[in-house]
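Novice: Pasting a structure below so you can have a look.
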Amino acid sequence: MYSILKKEITAYLSSLVAYVTIGVFLLVLGLLLWVFPDSSILDYGYAALDSLFSTAPYLFMFLIPAITMRSLAGERNAGTFELLLTRPLTHLQIVLGKYFATVIIVLFALVPTLVYYYSVYTLGIPQGNIDTGAVIGSYIGLFLLGSAFAAIGLFASAITKNQIIAFTVAIFLCFFFYSGFDSLSGLLSLQSSGIQSLGITEHYQAVSRGVLDTRDLAYFIILTAAFIWLTLFVLLRQQQKSLNRTIMLSAAGIMFAVAIFSNTIFTRFDFTKEGRYSISPVSRKVLDSLDKPVKVTVYLKGDLTGGMKRLQRATNDMLIDLQAYSHHKLQFEFIDPLKGLSPEQQEQAVNDLHTRGVEATALSVKTDDGVTQKTIFPAAIVSANGKDLPVTLLYQQSQMGLTADEVLNNSIQNLEYAFTSAIKKVTKEGKPRIGFTIGHDELKDAQLDGAMSGLSDGFLVGRIELNTIPFDSLMKIKLVVVPKPNKPFTEAEKFKLDQYLMRGGKIVWTIDQVSAELDSLQGHGGEQLAFPKQLNLDDQLFVYGIRINYDLIADISAAQIPINTGSIGGQAQIQLVPWLFYPIFMPLAKHPIIKNLDGIRSEFVSTIDILETKDIAKTILLASSPYNKKISAPHLLSLQAIEQEPDPKAFQSVPKVTGVLLEGKFTSDFKNRSAPDGVGENIAIKNESQPTKMIVISDGDVFKNDLAADGSPYPLGYDHYTRQTFGNKNLLLNIADYMTDDSGLIALRNKEIKLRLLNRARVRGEKLYWQIINTTIPLLLVLIFAIFQHYTRKRKYAH
């Protein structure tokens, strides 16, 4: 076999056709990756070689058939194949020798593409900001693809003596096995039948990302072995030699066994530096436990910018990874919901998707005529058990201080959590219950509309009255939210909440300790006395490890409010000015509840003291900026203070705590006490809780939505004056997930994916230089090798 391999390589590299073929391959590849804007790495903007590994397969469909077309067809046409058979060589040795020679030549053609890696490595910001492990893994995928195409090309060369026919048949077979099964699946509407898994695309795309699944490896091995087996079969039939059926059937049986075994027991090797394609054990458990099919429809498709293409590719990668552990229960597809529709139909489609929770986003797309606006849908719908749940793929508002690329990267980091959480919610029987308390002049239903409607997709949400609800019914509530009470709690109500907590219940307190309202200020001559409330909760929260102080925080980082500055021509003049008592909290911690959230808008917030308590872990979730001032109540608030520009030096202070997560075993407020009067039922007192959680936020309005003049609610977190959306809704959703899910699913939000960008300033200034480097250097390397090989060969035979 070695003599055949050496002969094939020497003969091929001694031919001018070889260098022309490889040169054309590298030239076209260089133009596609570095010059043409639609697929240019420079225009893509990210320090990655994704374009190389998505473009190379289509060029392989021509390069490899051009290499293999003469392997057997040329031998048979020249009559030299019979000469080979006179040597002490078997048919298998001949075929394997030619096959491995082809694979080595393909590798030879790929070596110059390492120049691309050097270029991206150099242009990264900072320099070297490229995932080398992912590139190595992707080259492994390209090698496996080339190996499979080599086997297909060898088979095509065996069935005919005509090299042109062998070339044409090989191109057809390579294309069919790469894309044909996908097209056939779409035409026959068989996306869920598994017919796509027979084609190369699904397996190559999985490997080319930098992650090697043993099932994909087994597929390429089986496909390659199958075509080598067919090549042997054809050659033996042409020689009219008897087939060793035992060996042939044994080979087929081994391939079948490998296929079954690889689908039963598999593992995955993630070559990426941060393990971006490694699915967490929590997600694996959710996918492994699926007992019914789950369908994911992704609407992010069409003419997209580089950033949206990256999000689309990341979404596809994540669904492939999740599908790998779903036992074929998870199926997904990407569709463009506006494709082929008239303007009227597109408008109707946008409205229909809006009612299903899929929001449209306007995207600026460059065209020959300039820039045009295109509507895209960076969202998906997860469907199972007759239920649909929308999944937002892109944060609709940018986090303050972050670039668009950073927001996009945060969205990609959140994909595993978003999809796994949605899959769990649509497949799980029954939704966790969340109860918002009433009976203490809490926020009204209209003020909580954004909160309750936002939670309704994954939870059963309602109001509960502690004074009347039976304790066993209260225990069925997974999470109790106390939304801005204004009247004191009775001892019986406090007892119910305390024993609910002792038995593992979770509570979110959103408390205003000081009575202050902007409406009262504007309606009473611009002044109001802010005074302490009497809620009768201080002693209970103190036992749990928290004290909410009777003060207000004035913060330079604040939201704006409308102020009437006079009238002109009978028209009121409204001006937006910062109001120091409406702080905006910027979540900076890495806890999954607040990670990557936008600023949280608040109103009249108090400071929180964290007390030393045993067995309780405390995590600060929200805090003021370093430019704040604490004002003790009672205090006279006046809108005239807006006229004075705050002095930053006077506001310099340590950040004040305004939101705390407490986790662990709580001590009962009623320890060594009897049940108070008015409970109305026999509840055994537990002095210490089982491990549970509690969140205390010193702002009763944090989950309140504004109301329009007609009483209709605005979305939670939306400021209708500034038309800015804050992160209040996402904060609530994250809290609900964290408090009600004991599986640790929300910890997936801690996933980190490094942002790898090209130095755009350098790309703009040196674009032509790098285009020339990457289109000419690979060709020069091939030319230098050709000259060296020709000189060596000439010198060898001259002597």
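Note on naming: chains are A, B, ... as they come in the structure tokens, residues start from 1 per chain, ligands start from 1 in the order shown.
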Any idea what's packed within 12 Å of Asn486 of chain A, counting only C-alpha atoms, ignoring anything in its chain fewer than 4 positions away? Could you give it as a list in words?

Specialist: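 Listing them by chain and then by number gives Thr437, Ile438, Gly439, His440, Asp441, Glu442, Leu443, Lys444, Val482, Thr510, Ile511, Asp512, Gln513, Val514, Ser515, Ala516, Pro532, Lys533, Gln534, Leu535, Asn536, Leu537, Gly700 and Asp701 of chain A.
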
Novice: According to DSSP computed on the backbone, where in segment 384-600 of chain A is there strand (DSSP E)? Give the residues as a PyMOL selection string.

Specialist: chain A and resi 384+387-392+433-438+460-465+479-483+506-510+514-515+527-532+546-548+551-555+558-568+571-585+600

Novice: Give me, as a Markdown table, the closest atom pair and its distance (Å, one decimal) for every residue of segment 375-473 of chain A within a cut-off of 8 Å of segment 285-306 of chain A, counting only C-alpha atoms, rows sorted by chain and rising number.

Specialist:
| residue | atom | partner | partner_atom | distance |
| --- | --- | --- | --- | --- |
| A:Ile376 | CA | A:Leu300 | CA | 6.5 |
| A:Phe377 | CA | A:Leu300 | CA | 5.4 |
| A:Pro378 | CA | A:Leu300 | CA | 5.1 |
| A:Ala379 | CA | A:Tyr299 | CA | 5.9 |
| A:Ala380 | CA | A:Val298 | CA | 4.2 |
| A:Ile381 | CA | A:Thr297 | CA | 5.3 |
| A:Val382 | CA | A:Val296 | CA | 4.6 |
| A:Ser383 | CA | A:Lys295 | CA | 5.2 |
| A:Ala384 | CA | A:Val294 | CA | 5.0 |
| A:Asn385 | CA | A:Lys292 | CA | 7.7 |
| A:Thr420 | CA | A:Val286 | CA | 7.2 |
| A:Ile423 | CA | A:Val294 | CA | 7.5 |
| A:Lys424 | CA | A:Val286 | CA | 6.5 |
| A:Thr427 | CA | A:Leu290 | CA | 7.5 |

Novice: With distances taken over only C-alpha atoms, which residue among A:Ile477, A:Leu758, A:Glu688, A:Leu212 lies nearest Asp405 of chain A?

Specialist: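 For Asp405 of chain A, the nearest of the given residues is A:Leu758.
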
Novice: Would you mind reading off the distance between atom CA of Leu755 of chain A and atom CA of Ile593 of chain A, one decimal, in Å?

Specialist: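 Distance between the two atoms: 21.7 Å.
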
Novice: Show me, as an MDAnalysis selection string, the residues that have an atom within 6 Å of segment 632-648 of chain A when counting only C-alpha atoms, minus same-chain residues fewer than 5 positions from it.

Specialist: chainID A and resid 526:531 550:551

Novice: Please measure the separation of atom CA of Leu580 of chain A and atom CA of Glu406 of chain A, giving the value in Å to one decimal.

Specialist: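 Atom-to-atom, atom CA of Leu580 of chain A and atom CA of Glu406 of chain A are spaced 29.1 Å apart.
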
Novice: Using only C-alpha atoms, tabulate the residues of segment 123-147 of chain A lying at most 10 Å from any atom of segment 205-208 of chain A, each with its closest atom pair and that distance in Å to one decimal, by chain and increasing residue number, as JSON lines.

Specialist:
{"residue": "A:Ala134", "atom": "CA", "partner": "A:Ser208", "partner_atom": "CA", "distance": 8.5}
{"residue": "A:Val135", "atom": "CA", "partner": "A:Ser208", "partner_atom": "CA", "distance": 8.5}
{"residue": "A:Ile136", "atom": "CA", "partner": "A:Ser208", "partner_atom": "CA", "distance": 9.3}
{"residue": "A:Gly137", "atom": "CA", "partner": "A:Ser208", "partner_atom": "CA", "distance": 6.7}
{"residue": "A:Ser138", "atom": "CA", "partner": "A:Ser208", "partner_atom": "CA", "distance": 4.0}
{"residue": "A:Tyr139", "atom": "CA", "partner": "A:Ser208", "partner_atom": "CA", "distance": 7.1}
{"residue": "A:Ile140", "atom": "CA", "partner": "A:Ser208", "partner_atom": "CA", "distance": 7.4}
{"residue": "A:Gly141", "atom": "CA", "partner": "A:Ser208", "partner_atom": "CA", "distance": 4.8}
{"residue": "A:Leu142", "atom": "CA", "partner": "A:Ser208", "partner_atom": "CA", "distance": 6.7}
{"residue": "A:Phe143", "atom": "CA", "partner": "A:Ser208", "partner_atom": "CA", "distance": 9.7}
{"residue": "A:Leu144", "atom": "CA", "partner": "A:Val207", "partner_atom": "CA", "distance": 9.0}
{"residue": "A:Leu145", "atom": "CA", "partner": "A:Ser208", "partner_atom": "CA", "distance": 9.5}

Novice: Go through A:Ile685, A:Leu518, A:Ala257, A:Leu393 one by one, measure the shortest atom-to-atom distance of each to Met502 of chain A using only C-alpha atoms, and give the residue with the smallest value.

Specialist: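 Distance minimum relative to Met502 of chain A lands on A:Ile685.
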
Novice: Have a look at A:Thr361, A:Thr375, A:Ser278, A:Gln331 and name the one nearest to Ser197 of chain A; count only C-alpha atoms.

Specialist: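 That would be A:Gln331, the residue with the smallest distance to Ser197 of chain A.
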
Novice: Which one of A:Thr68, A:Ser283, A:Thr55, A:Gln196 sits closest to Leu415 of chain A if you count only C-alpha atoms?

Specialist: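 That would be A:Ser283, the residue with the smallest distance to Leu415 of chain A.
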
Novice: Applying 10 Å and only C-alpha atoms, which residues near Gln127 of chain A remain after dropping the ones on its own chain fewer than 3 positions away? List them as an NGL selection string.

Specialist: :A and (47 or 120-124 or 130 or 757-759)

Novice: Those residues with N, CA, C and O atoms, as a PDB file, in the first residue's frame please?

Specialist:
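Full text of result19.pdb as output:
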ATOM      1  N   ALA A  47     -12.989  38.025  15.244  1.00  0.00           N
ATOM      2  CA  ALA A  47     -11.720  37.313  15.119  1.00  0.00           C
ATOM      3  C   ALA A  47     -11.983  35.810  15.091  1.00  0.00           C
ATOM      4  O   ALA A  47     -11.761  35.107  16.074  1.00  0.00           O
ATOM      5  N   VAL A 120      -5.854  36.688  11.024  1.00  0.00           N
ATOM      6  CA  VAL A 120      -6.869  36.963  12.049  1.00  0.00           C
ATOM      7  C   VAL A 120      -6.214  37.099  13.418  1.00  0.00           C
ATOM      8  O   VAL A 120      -6.601  37.945  14.230  1.00  0.00           O
ATOM      9  N   TYR A 121      -5.209  36.280  13.681  1.00  0.00           N
ATOM     10  CA  TYR A 121      -4.460  36.359  14.940  1.00  0.00           C
ATOM     11  C   TYR A 121      -3.845  37.751  15.101  1.00  0.00           C
ATOM     12  O   TYR A 121      -3.894  38.351  16.179  1.00  0.00           O
ATOM     13  N   THR A 122      -3.287  38.266  14.041  1.00  0.00           N
ATOM     14  CA  THR A 122      -2.627  39.567  14.084  1.00  0.00           C
ATOM     15  C   THR A 122      -3.623  40.706  14.193  1.00  0.00           C
ATOM     16  O   THR A 122      -3.374  41.702  14.888  1.00  0.00           O
ATOM     17  N   LEU A 123      -4.773  40.578  13.532  1.00  0.00           N
ATOM     18  CA  LEU A 123      -5.755  41.657  13.485  1.00  0.00           C
ATOM     19  C   LEU A 123      -6.696  41.662  14.683  1.00  0.00           C
ATOM     20  O   LEU A 123      -7.512  42.568  14.830  1.00  0.00           O
ATOM     21  N   GLY A 124      -6.597  40.658  15.538  1.00  0.00           N
ATOM     22  CA  GLY A 124      -7.479  40.605  16.704  1.00  0.00           C
ATOM     23  C   GLY A 124      -7.196  41.743  17.662  1.00  0.00           C
ATOM     24  O   GLY A 124      -6.118  42.331  17.691  1.00  0.00           O
ATOM     25  N   ILE A 130      -7.944  35.147  19.245  1.00  0.00           N
ATOM     26  CA  ILE A 130      -8.640  34.168  18.417  1.00  0.00           C
ATOM     27  C   ILE A 130      -8.642  32.847  19.178  1.00  0.00           C
ATOM     28  O   ILE A 130      -7.672  32.527  19.884  1.00  0.00           O
ATOM     29  N   LEU A 757     -13.117  40.282  18.815  1.00  0.00           N
ATOM     30  CA  LEU A 757     -13.336  41.232  17.728  1.00  0.00           C
ATOM     31  C   LEU A 757     -12.037  41.504  16.980  1.00  0.00           C
ATOM     32  O   LEU A 757     -10.934  41.341  17.513  1.00  0.00           O
ATOM     33  N   LEU A 758     -12.205  41.908  15.728  1.00  0.00           N
ATOM     34  CA  LEU A 758     -11.070  42.404  14.953  1.00  0.00           C
ATOM     35  C   LEU A 758     -10.835  43.877  15.294  1.00  0.00           C
ATOM     36  O   LEU A 758     -11.768  44.594  15.686  1.00  0.00           O
ATOM     37  N   ASN A 759      -9.605  44.305  15.150  1.00  0.00           N
ATOM     38  CA  ASN A 759      -9.262  45.714  15.334  1.00  0.00           C
ATOM     39  C   ASN A 759      -9.798  46.496  14.132  1.00  0.00           C
ATOM     40  O   ASN A 759      -9.167  46.550  13.078  1.00  0.00           O
TER      41      ASN A 759
END

Novice: Give me, as a list in words, all polymer residues having an atom no more than 7 Å from Cys174 of chain A, counting only C-alpha atoms and skipping those fewer than 2 positions away in the same chain.

Specialist: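 Returned residues: Met61, Phe149, Ile152, Ala170, Ile171, Phe172, Phe176, Phe177 and Tyr178 of chain A.
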
Novice: Output N, CA and C atoms for every residue in the selection just made, as a tab-separated table (two decimals), in the first residue's frame.

Specialist:
chain	number	residue	atom	x	y	z
A	61	MET	N	-16.02	20.36	-3.17
A	61	MET	CA	-16.83	19.58	-4.12
A	61	MET	C	-16.24	19.58	-5.52
A	149	PHE	N	-15.24	13.04	1.18
A	149	PHE	CA	-15.32	13.40	-0.25
A	149	PHE	C	-14.29	12.61	-1.06
A	152	ILE	N	-15.76	9.28	-1.76
A	152	ILE	CA	-16.81	9.41	-2.78
A	152	ILE	C	-16.18	9.59	-4.16
A	170	ALA	N	-18.61	12.54	-9.36
A	170	ALA	CA	-18.10	12.82	-8.02
A	170	ALA	C	-18.67	14.13	-7.48
A	171	ILE	N	-18.74	15.15	-8.34
A	171	ILE	CA	-19.32	16.43	-7.90
A	171	ILE	C	-20.78	16.23	-7.50
A	172	PHE	N	-21.52	15.48	-8.33
A	172	PHE	CA	-22.94	15.25	-8.02
A	172	PHE	C	-23.10	14.51	-6.69
A	176	PHE	N	-24.81	15.94	-3.38
A	176	PHE	CA	-26.02	15.27	-2.89
A	176	PHE	C	-25.86	14.87	-1.43
A	177	PHE	N	-24.71	14.29	-1.09
A	177	PHE	CA	-24.53	13.87	0.29
A	177	PHE	C	-24.33	15.06	1.22
A	178	TYR	N	-23.87	16.18	0.68
A	178	TYR	CA	-23.69	17.36	1.54
A	178	TYR	C	-25.00	18.12	1.73

Novice: For Leu662 of chain A, find every residue with an atom within 9 Å (counting only C-alpha atoms), except residues of its own chain fewer than 5 positions away, and show them as an NGL selection string.

Specialist: :A and (544-545 or 616-620 or 692-696)
